[in-house]
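K.L.:
File name protein_15.tsv; file contents TSV, C-alpha atoms and all ligand atoms; full text below.
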chain	number	residue	atom	x	y	z
A	142	MET	CA	0.00	0.00	0.00
A	143	GLU	CA	2.82	2.39	0.97
A	144	ALA	CA	4.79	1.47	-2.17
A	145	GLN	CA	1.61	2.01	-4.23
A	146	MET	CA	1.22	5.52	-2.78
A	147	ALA	CA	4.86	6.31	-3.51
A	148	GLN	CA	4.47	4.97	-7.07
A	149	ASP	CA	2.19	7.90	-7.86
A	150	GLN	CA	4.74	10.37	-6.54
A	151	THR	CA	7.74	11.74	-8.35
A	152	VAL	CA	11.01	12.88	-6.82
A	153	MET	CA	13.45	14.98	-8.82
A	154	VAL	CA	17.02	14.19	-7.75
A	155	ILE	CA	19.34	17.04	-8.70
A	156	GLY	CA	22.89	15.71	-8.77
A	157	GLY	CA	21.44	12.18	-8.85
A	158	ALA	CA	24.32	10.91	-11.01
A	159	GLY	CA	26.82	11.55	-8.21
A	160	TYR	CA	28.02	9.40	-5.34
A	161	ILE	CA	25.31	9.96	-2.70
A	162	GLY	CA	22.68	10.86	-5.31
A	163	SER	CA	22.99	7.55	-7.19
A	164	HIS	CA	22.50	5.54	-3.99
A	165	THR	CA	19.49	7.71	-3.12
A	166	VAL	CA	17.93	7.12	-6.55
A	167	LEU	CA	18.23	3.37	-5.94
A	168	ALA	CA	16.62	3.72	-2.51
A	169	LEU	CA	13.81	5.95	-3.79
A	170	ASN	CA	13.07	3.51	-6.63
A	171	GLU	CA	13.05	0.62	-4.16
A	172	ALA	CA	10.60	2.59	-1.98
A	173	GLY	CA	8.30	2.84	-5.02
A	174	PHE	CA	8.89	6.46	-6.08
A	175	ASP	CA	9.19	7.55	-9.68
A	176	THR	CA	12.50	9.42	-10.03
A	177	VAL	CA	13.91	12.07	-12.36
A	178	VAL	CA	17.67	12.65	-12.30
A	179	TYR	CA	18.62	16.22	-13.25
A	180	ASP	CA	22.40	16.54	-13.61
A	181	ASN	CA	25.01	18.37	-15.66
A	182	PHE	CA	27.47	15.44	-15.31
A	183	SER	CA	30.27	17.75	-14.19
A	184	THR	CA	31.30	15.11	-11.65
A	185	GLY	CA	28.47	12.57	-11.99
A	186	HIS	CA	28.30	9.40	-14.05
A	187	ARG	CA	25.78	8.60	-16.78
A	188	ASP	CA	25.82	4.91	-15.85
A	189	ALA	CA	24.63	5.71	-12.31
A	190	CYS	CA	21.08	6.97	-12.97
A	191	PHE	CA	19.32	3.66	-12.35
A	192	GLY	CA	15.78	3.48	-13.71
A	193	ALA	CA	15.28	7.24	-13.42
A	194	HIS	CA	14.09	9.60	-16.14
A	195	LEU	CA	17.14	11.59	-17.14
A	196	VAL	CA	17.38	15.31	-17.83
A	197	GLU	CA	20.79	16.75	-18.64
A	198	GLY	CA	20.87	20.31	-17.39
A	199	ASP	CA	22.47	22.79	-15.07
A	200	LEU	CA	21.26	23.88	-11.68
A	201	ALA	CA	21.48	27.48	-12.89
A	202	ASP	CA	18.97	26.92	-15.73
A	203	VAL	CA	15.72	28.24	-14.22
A	204	ALA	CA	13.70	27.66	-17.42
A	205	LEU	CA	14.77	24.01	-17.81
A	206	LEU	CA	14.26	23.35	-14.10
A	207	GLN	CA	10.76	24.82	-14.28
A	208	GLU	CA	9.94	22.81	-17.41
A	209	THR	CA	11.24	19.61	-15.78
A	210	LEU	CA	9.24	20.19	-12.59
A	211	ARG	CA	6.08	20.65	-14.69
A	212	THR	CA	6.70	17.89	-17.26
A	213	TYR	CA	7.22	15.23	-14.61
A	214	ALA	CA	4.72	16.72	-12.11
A	215	VAL	CA	7.43	16.59	-9.46
A	216	ASP	CA	6.19	16.23	-5.85
A	217	CYS	CA	9.50	16.75	-4.04
A	218	VAL	CA	13.07	17.80	-4.91
A	219	VAL	CA	16.21	16.22	-3.43
A	220	HIS	CA	19.13	18.54	-4.11
A	221	PHE	CA	22.68	17.12	-4.10
A	222	ALA	CA	24.27	19.23	-6.85
A	223	ALA	CA	27.35	21.04	-5.57
A	224	LEU	CA	31.08	21.44	-5.80
A	225	ILE	CA	32.23	19.51	-2.75
A	226	GLU	CA	35.98	19.88	-2.15
A	227	ALA	CA	36.44	22.00	0.95
A	228	GLY	CA	40.21	22.38	0.44
A	229	GLN	CA	39.79	23.56	-3.15
A	230	SER	CA	37.16	26.07	-2.03
A	231	VAL	CA	39.82	27.91	-0.02
A	232	LEU	CA	41.93	28.33	-3.17
A	233	THR	CA	39.11	29.11	-5.62
A	234	PRO	CA	36.03	30.22	-3.68
A	235	LEU	CA	34.04	31.88	-6.45
A	236	PRO	CA	33.00	28.75	-8.40
A	237	PHE	CA	31.73	27.32	-5.10
A	238	PHE	CA	29.53	30.33	-4.43
A	239	ARG	CA	28.35	30.43	-8.06
A	240	ASN	CA	27.52	26.74	-8.31
A	241	ASN	CA	26.31	26.00	-4.81
A	242	VAL	CA	24.63	29.27	-3.83
A	243	THR	CA	23.57	30.96	-7.08
A	244	GLY	CA	22.60	27.57	-8.49
A	245	THR	CA	20.32	26.88	-5.54
A	246	LEU	CA	18.84	30.36	-5.88
A	247	ALA	CA	17.84	29.41	-9.45
A	248	LEU	CA	16.31	26.18	-8.17
A	249	LEU	CA	14.28	28.04	-5.54
A	250	GLU	CA	13.07	30.49	-8.19
A	251	ALA	CA	12.01	27.61	-10.44
A	252	MET	CA	10.28	25.80	-7.58
A	253	THR	CA	8.43	28.95	-6.54
A	254	ALA	CA	7.31	29.59	-10.12
A	255	ALA	CA	6.15	25.98	-10.45
A	256	GLY	CA	4.32	26.08	-7.10
A	257	LEU	CA	6.47	23.32	-5.56
A	258	GLN	CA	7.40	23.76	-1.90
A	259	LYS	CA	9.11	20.52	-0.84
A	260	ILE	CA	12.91	20.18	-0.84
A	261	VAL	CA	15.52	17.98	0.84
A	262	PHE	CA	18.92	19.66	0.73
A	263	SER	CA	22.41	18.12	1.09
A	264	SER	CA	24.02	20.05	3.88
A	265	THR	CA	27.09	19.05	5.80
A	266	ALA	CA	28.84	18.72	9.13
A	267	ALA	CA	31.09	21.49	7.76
A	268	ALA	CA	28.28	23.84	8.83
A	269	TYR	CA	29.50	23.36	12.44
A	270	GLY	CA	33.06	24.39	11.61
A	271	ASN	CA	34.68	25.56	14.78
A	272	ASN	CA	32.15	24.18	17.28
A	273	THR	CA	34.72	21.69	18.46
A	274	ASP	CA	34.38	22.14	22.21
A	275	VAL	CA	31.34	19.83	22.43
A	276	SER	CA	31.64	16.05	22.30
A	277	MET	CA	28.68	15.56	19.95
A	278	LEU	CA	27.54	18.12	17.41
A	279	HIS	CA	23.84	18.90	17.63
A	280	GLU	CA	21.75	20.95	15.26
A	281	ASP	CA	21.09	23.88	17.60
A	282	LEU	CA	24.76	24.84	17.78
A	283	PRO	CA	25.61	28.06	15.94
A	284	ARG	CA	26.61	27.61	12.30
A	285	ALA	CA	30.30	28.45	12.09
A	286	PRO	CA	31.84	27.19	8.84
A	287	ILE	CA	35.57	27.65	8.35
A	288	ASN	CA	35.89	27.51	4.55
A	289	PRO	CA	33.99	28.77	1.49
A	290	TYR	CA	32.49	25.31	0.86
A	291	GLY	CA	30.95	25.31	4.35
A	292	ASP	CA	29.93	28.96	3.88
A	293	SER	CA	28.12	28.06	0.66
A	294	LYS	CA	26.13	25.31	2.41
A	295	VAL	CA	25.20	27.58	5.32
A	296	MET	CA	24.13	30.32	2.89
A	297	VAL	CA	21.77	27.84	1.23
A	298	GLU	CA	20.35	26.82	4.60
A	299	GLN	CA	19.72	30.53	5.27
A	300	MET	CA	18.00	30.96	1.88
A	301	LEU	CA	15.77	27.98	2.62
A	302	GLU	CA	14.84	29.41	6.02
A	303	ALA	CA	14.09	32.81	4.49
A	304	CYS	CA	11.62	31.22	2.04
A	305	VAL	CA	9.52	29.46	4.69
A	306	GLU	CA	7.24	32.38	5.60
A	307	PRO	CA	6.88	34.18	2.26
A	308	HIS	CA	6.77	31.13	-0.03
A	309	GLY	CA	5.49	28.40	2.30
A	310	LEU	CA	8.68	26.38	1.71
A	311	GLN	CA	8.99	22.97	3.38
A	312	ALA	CA	12.71	22.21	3.64
A	313	ILE	CA	14.85	19.62	5.38
A	314	ALA	CA	18.62	20.18	5.34
A	315	LEU	CA	20.39	16.89	6.03
A	316	ARG	CA	23.82	17.51	7.51
A	317	TYR	CA	25.93	14.50	6.58
A	318	PHE	CA	29.04	13.52	8.43
A	319	ASN	CA	31.69	11.44	6.56
A	320	ALA	CA	29.91	9.68	3.69
A	321	CYS	CA	31.56	6.38	2.77
A	322	GLY	CA	30.96	2.80	1.64
A	323	ALA	CA	29.15	1.63	-1.46
A	324	ASP	CA	26.03	-0.20	-2.53
A	325	ALA	CA	26.34	-3.74	-1.10
A	326	ALA	CA	25.22	-5.19	-4.46
A	327	GLY	CA	28.01	-3.26	-6.22
A	328	ARG	CA	25.67	-1.24	-8.48
A	329	THR	CA	27.27	2.10	-7.57
A	330	GLY	CA	29.93	3.50	-5.25
A	331	GLU	CA	32.42	6.30	-4.72
A	332	ARG	CA	34.13	7.54	-7.89
A	333	HIS	CA	35.31	11.07	-7.14
A	334	ASP	CA	38.11	12.52	-9.25
A	335	PRO	CA	40.20	13.83	-7.65
A	336	GLU	CA	39.52	11.77	-4.54
A	337	THR	CA	39.96	13.52	-1.21
A	338	HIS	CA	38.08	11.26	1.22
A	339	LEU	CA	40.01	9.06	3.63
A	340	ILE	CA	38.53	5.61	3.00
A	341	PRO	CA	38.87	5.60	-0.81
A	342	LEU	CA	42.38	7.04	-0.47
A	343	VAL	CA	43.42	4.22	1.89
A	344	ILE	CA	41.81	1.73	-0.49
A	345	GLN	CA	43.86	3.18	-3.37
A	346	ALA	CA	46.99	2.63	-1.28
A	347	ALA	CA	45.90	-0.97	-0.65
A	348	GLN	CA	45.29	-1.45	-4.38
A	349	GLY	CA	48.72	-0.05	-5.16
A	350	THR	CA	47.44	2.90	-7.21
A	351	ARG	CA	48.62	5.33	-4.53
A	352	PRO	CA	52.19	4.89	-3.22
A	353	GLN	CA	51.33	5.42	0.45
A	354	ILE	CA	48.79	6.81	2.87
A	355	TYR	CA	49.56	9.70	5.19
A	356	ILE	CA	48.21	9.96	8.70
A	357	ASN	CA	48.13	13.71	9.31
A	358	GLY	CA	48.68	14.23	13.01
A	359	THR	CA	49.36	11.58	15.64
A	360	ASP	CA	49.43	13.89	18.67
A	361	TYR	CA	45.75	14.82	18.93
A	362	PRO	CA	44.06	14.45	22.34
A	363	THR	CA	42.36	11.19	21.26
A	364	PRO	CA	43.02	7.61	22.48
A	365	ASP	CA	45.42	6.77	19.61
A	366	GLY	CA	46.47	10.35	18.82
A	367	THR	CA	44.75	10.50	15.40
A	368	CYS	CA	41.65	12.45	14.38
A	369	ILE	CA	38.23	10.97	15.05
A	370	ARG	CA	35.34	11.32	12.59
A	371	ASP	CA	31.81	9.96	12.26
A	372	TYR	CA	31.71	7.65	9.21
A	373	ILE	CA	28.26	7.03	7.77
A	374	HIS	CA	27.55	4.36	5.14
A	375	VAL	CA	26.09	5.87	1.97
A	376	THR	CA	23.25	3.32	2.06
A	377	ASP	CA	22.25	4.74	5.44
A	378	LEU	CA	22.43	8.26	3.97
A	379	ALA	CA	20.18	7.16	1.11
A	380	ALA	CA	17.64	5.77	3.59
A	381	GLY	CA	17.75	9.11	5.43
A	382	HIS	CA	16.73	10.88	2.22
A	383	VAL	CA	13.82	8.52	1.64
A	384	ALA	CA	12.66	9.18	5.22
A	385	ALA	CA	12.98	12.96	4.71
A	386	VAL	CA	11.03	12.85	1.42
A	387	LYS	CA	8.25	10.84	3.10
A	388	LYS	CA	8.20	13.32	5.98
A	389	LEU	CA	7.74	16.26	3.61
A	390	LEU	CA	5.11	14.47	1.53
A	391	ALA	CA	3.09	13.70	4.66
A	392	THR	CA	2.50	17.36	5.55
A	393	ASP	CA	1.76	20.75	4.01
A	394	GLU	CA	3.14	22.62	7.01
A	395	PRO	CA	5.84	25.13	5.97
A	396	GLY	CA	9.09	24.90	7.91
A	397	PHE	CA	12.84	24.37	7.89
A	398	SER	CA	14.72	21.72	9.85
A	399	ALA	CA	18.41	20.87	9.93
A	400	ILE	CA	18.95	17.19	10.75
A	401	ASN	CA	22.28	15.40	11.28
A	402	LEU	CA	22.90	12.11	9.53
A	403	GLY	CA	25.68	10.43	11.47
A	404	THR	CA	26.14	7.45	13.76
A	405	GLY	CA	27.00	9.24	17.00
A	406	LYS	CA	30.19	7.16	17.22
A	407	GLY	CA	33.64	8.13	16.06
A	408	LEU	CA	36.44	6.18	14.42
A	409	SER	CA	40.07	7.27	14.39
A	410	VAL	CA	42.16	7.56	11.24
A	411	ARG	CA	44.33	4.73	12.55
A	412	GLU	CA	41.30	2.48	13.04
A	413	VAL	CA	40.20	3.15	9.45
A	414	VAL	CA	43.66	2.40	8.06
A	415	GLU	CA	43.84	-0.84	10.06
A	416	ALA	CA	40.37	-1.91	8.91
A	417	VAL	CA	41.31	-1.45	5.24
A	418	ALA	CA	44.55	-3.40	5.73
A	419	SER	CA	42.72	-6.22	7.48
A	420	ILE	CA	39.72	-6.49	5.11
A	421	SER	CA	41.76	-6.09	1.91
A	422	GLY	CA	44.54	-8.37	3.14
A	423	CYS	CA	46.99	-5.94	1.49
A	424	GLU	CA	50.05	-4.30	2.96
A	425	PHE	CA	50.86	-0.68	2.09
A	426	PRO	CA	53.11	2.07	3.42
A	427	VAL	CA	51.59	4.26	6.14
A	428	ILE	CA	53.44	7.51	6.83
A	429	GLU	CA	52.86	9.48	10.00
A	430	ALA	CA	52.99	13.18	9.15
A	431	ASP	CA	52.28	16.57	10.73
A	432	ARG	CA	48.80	17.82	11.47
A	433	ARG	CA	46.96	19.63	8.66
A	434	PRO	CA	45.83	23.15	9.55
A	435	GLY	CA	42.13	23.38	10.39
A	436	ASP	CA	41.55	19.69	11.27
A	437	PRO	CA	39.67	19.46	14.59
A	438	ALA	CA	40.50	16.43	16.78
A	439	VAL	CA	36.96	15.03	16.97
A	440	LEU	CA	33.80	15.54	14.89
A	441	VAL	CA	30.91	13.29	15.85
A	442	ALA	CA	27.19	13.77	15.20
A	443	ASP	CA	24.42	13.83	17.72
A	444	PRO	CA	21.88	11.79	15.71
A	445	THR	CA	18.98	12.19	18.18
A	446	ARG	CA	16.92	14.48	15.94
A	447	ALA	CA	17.14	12.07	13.00
A	448	HIS	CA	15.89	9.30	15.30
A	449	ASP	CA	13.04	11.44	16.68
A	450	VAL	CA	11.91	13.29	13.55
A	451	LEU	CA	12.64	10.81	10.76
A	452	GLY	CA	12.64	7.51	12.64
A	453	TRP	CA	16.06	7.03	10.99
A	454	TYR	CA	18.90	4.94	12.42
A	455	ALA	CA	22.24	3.95	10.86
A	456	HIS	CA	22.04	0.19	10.22
A	457	HIS	CA	24.98	-0.31	7.83
A	458	SER	CA	27.69	1.87	9.31
A	459	SER	CA	29.95	-0.55	11.16
A	460	ILE	CA	33.55	-0.12	9.98
A	461	GLU	CA	33.44	-3.72	8.72
A	462	ASP	CA	30.37	-3.11	6.51
A	463	ILE	CA	31.72	0.22	5.26
A	464	VAL	CA	35.16	-1.07	4.29
A	465	ARG	CA	33.86	-4.40	2.91
A	466	ASP	CA	31.46	-2.61	0.54
A	467	ALA	CA	33.90	0.16	-0.42
A	468	TRP	CA	36.67	-2.37	-1.07
A	469	ALA	CA	34.43	-4.66	-3.16
A	470	TYR	CA	33.26	-1.72	-5.27
A	471	ALA	CA	36.80	-0.36	-5.77
A	472	GLN	CA	37.98	-3.83	-6.83
A	473	LYS	CA	35.08	-4.08	-9.29
A	474	VAL	CA	35.94	-0.66	-10.81
A	475	ALA	CA	39.64	-1.60	-10.98
A	476	SER	CA	38.87	-4.82	-12.85
A	477	ASN	CA	36.79	-3.03	-15.54
A	501	LIG	N1	30.63	13.08	0.09
A	501	LIG	C1	30.57	13.53	1.35
A	501	LIG	O1	31.26	13.03	2.27
A	501	LIG	C2	29.63	14.66	1.70
A	501	LIG	C3	29.56	15.08	3.04
A	501	LIG	C4	28.68	16.12	3.37
A	501	LIG	C5	27.89	16.70	2.38
A	501	LIG	N2	27.99	16.28	1.09
A	501	LIG	C6	27.14	16.92	0.08
A	501	LIG	O2	26.41	15.91	-0.59
A	501	LIG	C7	26.18	16.27	-1.94
A	501	LIG	C8	26.58	15.13	-2.84
A	501	LIG	O3	27.95	14.80	-2.62
A	501	LIG	P1	28.65	13.67	-3.49
A	501	LIG	O4	29.80	13.17	-2.70
A	501	LIG	O5	27.63	12.72	-3.97
A	501	LIG	O6	29.21	14.55	-4.70
A	501	LIG	P2	29.32	14.18	-6.25
A	501	LIG	O7	30.29	15.16	-6.84
A	501	LIG	O8	29.58	12.74	-6.44
A	501	LIG	O9	27.86	14.50	-6.80
A	501	LIG	C9	27.43	15.79	-7.14
A	501	LIG	C10	26.51	15.66	-8.35
A	501	LIG	O10	25.98	16.95	-8.66
A	501	LIG	C11	26.17	17.21	-10.06
A	501	LIG	N3	26.28	18.66	-10.21
A	501	LIG	C12	27.21	19.47	-9.63
A	501	LIG	N4	26.98	20.76	-10.00
A	501	LIG	C13	25.88	20.75	-10.81
A	501	LIG	C14	25.15	21.75	-11.50
A	501	LIG	N5	25.52	23.03	-11.46
A	501	LIG	N6	24.08	21.38	-12.22
A	501	LIG	C15	23.69	20.08	-12.29
A	501	LIG	N7	24.34	19.08	-11.67
A	501	LIG	C16	25.44	19.41	-10.93
A	501	LIG	C17	27.43	16.45	-10.44
A	501	LIG	O11	27.53	16.18	-11.82
A	501	LIG	C18	27.26	15.18	-9.60
A	501	LIG	O12	26.47	14.23	-10.29
A	501	LIG	C19	26.94	17.56	-2.17
A	501	LIG	O13	26.03	18.63	-2.09
A	501	LIG	C20	27.93	17.61	-1.02
A	501	LIG	O14	28.23	18.93	-0.67
A	501	LIG	C21	28.83	15.27	0.72
Can the structure in the file be given as structure tokens, please?

P.N.:
Amino acid sequence: MEAQMAQDQTVMVIGGAGYIGSHTVLALNEAGFDTVVYDNFSTGHRDACFGAHLVEGDLADVALLQETLRTYAVDCVVHFAALIEAGQSVLTPLPFFRNNVTGTLALLEAMTAAGLQKIVFSSTAAAYGNNTDVSMLHEDLPRAPINPYGDSKVMVEQMLEACVEPHGLQAIALRYFNACGADAAGRTGERHDPETHLIPLVIQAAQGTRPQIYINGTDYPTPDGTCIRDYIHVTDLAAGHVAAVKKLLATDEPGFSAINLGTGKGLSVREVVEAVASISGCEFPVIEADRRPGDPAVLVADPTRAHDVLGWYAHHSSIEDIVRDAWAYAQKVASN
């Protein structure tokens, strides 16, 4: 019955050809939704738009967005499209503001013109920036990003909030912690280029396509001296989006909520490196290096709001599940 209801409803996934987007399209399809992927393929992959209608277009194209919303009678938008490399954003901030902020402005204009109010937005733990004096990051902390990427995400959250009263917007900003892992059936996975995330980098070292892995900082005030982060399996993230879409479709009440998607438990860099070595069975050089500027010792989500509001829990985010799926997918890509 629930799947039948979803079957009549269409979700437009902007950036649906990317890493998290492609897993979310799979999860939405499995939940019975009709999906439309809207993507400019700047970093996404054409072979990762499973069973969705496909529209090639840019986030900045208000006319095409509006036409797509009307043609497919879209009920809810899930918006992943962004430039995502925080380090690069420090060097070249303007493309980040143009793509992430101005692009989302165009989307909000198109949605308003088409009379669509429901949006799930990909936000990030980077919104918390310097709030590092608390053990678990909760959504009511002040937003304090420390780079233009984080600024761009916070600016979009502020735009969404500003549209609640005047336009009746219904928005959920999901703040992901460290996305990782891959579809357990191997249909899609992480294929960023360049890659900057820890787990795929360690996997590249294990596969021998990267000469070594660096551990940046071994003198942090953590049990093994390395940084601790909250790693969340991309399949759990995808389930969080399905829950957020269902939440928005179940009400016409305008509002904005920020909701963390994380496990509430941290893993150290050393634990991640050891898990990849153990699960891959490969040896690779590990070099202990200096701290990188701007890396806080510990970033862990308080996931209480996701439990309470979305009924969402991380079921796939043990380090064993994450590394097993990421390793299997990387081996599959390497053998093609
Ligand atoms: N990967 C993470 O660990 C992580 C953590 C927190 C937040 N996020 C956020 O999640 C979202 C998805 O991240 P990802 O890792 O899947 O990135 P990704 O680069 O794999 O996917 C982004 C997708 O958006 C598309 N896109 C980008 N700009 C576009 C534009 N102007 N018009 C149309 N399509 C465009 C790309 O082609 C790609 O398919 C991003 O908004 C990112 O900021 C990611």

K.L.:
Excluding Tyr372 of chain A and any residue of its chain fewer than 4 positions from it, enumerate the residues within 12 Å of it, using all atoms listed in the file, and give them as a PyMOL selection string.

P.N.:
chain A and resi 266+317-322+338-340+376-378+402-410+412-413+439-442+455+457-464

K.L.:
Keeping only C-alpha atoms, write the selected residues to a file as a PDB file, in the coordinates of the input.

P.N.:
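Wrote it out as selection-v4.pdb, contents follow:
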ATOM      1  CA  ALA A 266      28.840  18.720   9.130  1.00  0.00           C
ATOM      2  CA  TYR A 317      25.930  14.500   6.580  1.00  0.00           C
ATOM      3  CA  PHE A 318      29.040  13.520   8.430  1.00  0.00           C
ATOM      4  CA  ASN A 319      31.690  11.440   6.560  1.00  0.00           C
ATOM      5  CA  ALA A 320      29.910   9.680   3.690  1.00  0.00           C
ATOM      6  CA  CYS A 321      31.560   6.380   2.770  1.00  0.00           C
ATOM      7  CA  GLY A 322      30.960   2.800   1.640  1.00  0.00           C
ATOM      8  CA  HIS A 338      38.080  11.260   1.220  1.00  0.00           C
ATOM      9  CA  LEU A 339      40.010   9.060   3.630  1.00  0.00           C
ATOM     10  CA  ILE A 340      38.530   5.610   3.000  1.00  0.00           C
ATOM     11  CA  THR A 376      23.250   3.320   2.060  1.00  0.00           C
ATOM     12  CA  ASP A 377      22.250   4.740   5.440  1.00  0.00           C
ATOM     13  CA  LEU A 378      22.430   8.260   3.970  1.00  0.00           C
ATOM     14  CA  LEU A 402      22.900  12.110   9.530  1.00  0.00           C
ATOM     15  CA  GLY A 403      25.680  10.430  11.470  1.00  0.00           C
ATOM     16  CA  THR A 404      26.140   7.450  13.760  1.00  0.00           C
ATOM     17  CA  GLY A 405      27.000   9.240  17.000  1.00  0.00           C
ATOM     18  CA  LYS A 406      30.190   7.160  17.220  1.00  0.00           C
ATOM     19  CA  GLY A 407      33.640   8.130  16.060  1.00  0.00           C
ATOM     20  CA  LEU A 408      36.440   6.180  14.420  1.00  0.00           C
ATOM     21  CA  SER A 409      40.070   7.270  14.390  1.00  0.00           C
ATOM     22  CA  VAL A 410      42.160   7.560  11.240  1.00  0.00           C
ATOM     23  CA  GLU A 412      41.300   2.480  13.040  1.00  0.00           C
ATOM     24  CA  VAL A 413      40.200   3.150   9.450  1.00  0.00           C
ATOM     25  CA  VAL A 439      36.960  15.030  16.970  1.00  0.00           C
ATOM     26  CA  LEU A 440      33.800  15.540  14.890  1.00  0.00           C
ATOM     27  CA  VAL A 441      30.910  13.290  15.850  1.00  0.00           C
ATOM     28  CA  ALA A 442      27.190  13.770  15.200  1.00  0.00           C
ATOM     29  CA  ALA A 455      22.240   3.950  10.860  1.00  0.00           C
ATOM     30  CA  HIS A 457      24.980  -0.310   7.830  1.00  0.00           C
ATOM     31  CA  SER A 458      27.690   1.870   9.310  1.00  0.00           C
ATOM     32  CA  SER A 459      29.950  -0.550  11.160  1.00  0.00           C
ATOM     33  CA  ILE A 460      33.550  -0.120   9.980  1.00  0.00           C
ATOM     34  CA  GLU A 461      33.440  -3.720   8.720  1.00  0.00           C
ATOM     35  CA  ASP A 462      30.370  -3.110   6.510  1.00  0.00           C
ATOM     36  CA  ILE A 463      31.720   0.220   5.260  1.00  0.00           C
ATOM     37  CA  VAL A 464      35.160  -1.070   4.290  1.00  0.00           C
TER      38      VAL A 464
END

K.L.:
If the limit is 7 Å from any atom of ligand LIG 501 (chain A), counting all atoms listed in the file, which residues qualify? Return them as a PyMOL selection string.

P.N.:
chain A and resi 155-162+179-186+198-201+221-225+240+244+263-266+316-321+333

K.L.:
Is there a way to get, as JSON, numbers by chain, all residues within 9 Å of the point (5.0, 22.7, -1.1) in file coordinates, counting all atoms listed in the file?

P.N.:
{"A": [216, 217, 252, 253, 256, 257, 258, 259, 260, 308, 309, 310, 311, 389, 390, 392, 393, 394, 395]}

K.L.:
Include C-alpha atoms and write out the residues we just selected as a PDB file, in the coordinates of the input.

P.N.:
ATOM      1  CA  ASP A 216       6.190  16.230  -5.850  1.00  0.00           C
ATOM      2  CA  CYS A 217       9.500  16.750  -4.040  1.00  0.00           C
ATOM      3  CA  MET A 252      10.280  25.800  -7.580  1.00  0.00           C
ATOM      4  CA  THR A 253       8.430  28.950  -6.540  1.00  0.00           C
ATOM      5  CA  GLY A 256       4.320  26.080  -7.100  1.00  0.00           C
ATOM      6  CA  LEU A 257       6.470  23.320  -5.560  1.00  0.00           C
ATOM      7  CA  GLN A 258       7.400  23.760  -1.900  1.00  0.00           C
ATOM      8  CA  LYS A 259       9.110  20.520  -0.840  1.00  0.00           C
ATOM      9  CA  ILE A 260      12.910  20.180  -0.840  1.00  0.00           C
ATOM     10  CA  HIS A 308       6.770  31.130  -0.030  1.00  0.00           C
ATOM     11  CA  GLY A 309       5.490  28.400   2.300  1.00  0.00           C
ATOM     12  CA  LEU A 310       8.680  26.380   1.710  1.00  0.00           C
ATOM     13  CA  GLN A 311       8.990  22.970   3.380  1.00  0.00           C
ATOM     14  CA  LEU A 389       7.740  16.260   3.610  1.00  0.00           C
ATOM     15  CA  LEU A 390       5.110  14.470   1.530  1.00  0.00           C
ATOM     16  CA  THR A 392       2.500  17.360   5.550  1.00  0.00           C
ATOM     17  CA  ASP A 393       1.760  20.750   4.010  1.00  0.00           C
ATOM     18  CA  GLU A 394       3.140  22.620   7.010  1.00  0.00           C
ATOM     19  CA  PRO A 395       5.840  25.130   5.970  1.00  0.00           C
TER      20      PRO A 395
END

K.L.:
Using only C-alpha atoms, which residue out of A:Cys368, A:Val343, A:Val261, A:Ala267 lies closest to Glu226 of chain A?

P.N.:
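Answer, going by the shortest atom-to-atom distance: A:Ala267.
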
K.L.:
Between atom CA of Val203 of chain A and atom CA of Val154 of chain A, what is the spacing in Å?

P.N.:
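Here the two named atoms are 15.5 Å from each other.
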
K.L.:
May I ask which of the residues A:Leu205, A:Thr329, A:Arg432, A:Trp453 is the closest one to Lys388 of chain A, counting only C-alpha atoms?

P.N.:
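For Lys388 of chain A, the nearest of the candidates is A:Trp453.
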
K.L.:
Of the residues A:Val215, A:Val414, A:Leu206, A:Ile400, which is the one nearest to Leu278 of chain A, using only C-alpha atoms?

P.N.:
A:Ile400

K.L.:
Choose the residue, out of A:Gly366, A:Gly358, A:Gly349, A:Gly228, that has the smallest atom-to-atom separation from Arg433 of chain A; count only C-alpha atoms.

P.N.:
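Closest candidate: A:Gly358.
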
K.L.:
Identify which of the residues A:Gly291, A:Gly435, A:Gly330, A:Pro362 lies closest to Ala471 of chain A, counting all atoms listed in the file when measuring atom-to-atom distances.

P.N.:
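Using all atoms listed in the file, Ala471 of chain A sits closest to A:Gly330.
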
K.L.:
Skip segment 229-235 of chain A itself and residues of its chain fewer than 4 positions away, then list as number ranges by chain all residues within 8 Å of it, counting only C-alpha atoms.

P.N.:
A: 239, 288-290

K.L.:
Please provide the set of residues having any atom within 9 Å of Asn170 of chain A, restricted to all atoms listed in the file, with same-chain residues fewer than 3 positions apart removed, written as a ChimeraX atom specification.

P.N.:
/A:148,165-167,173-176,191-193
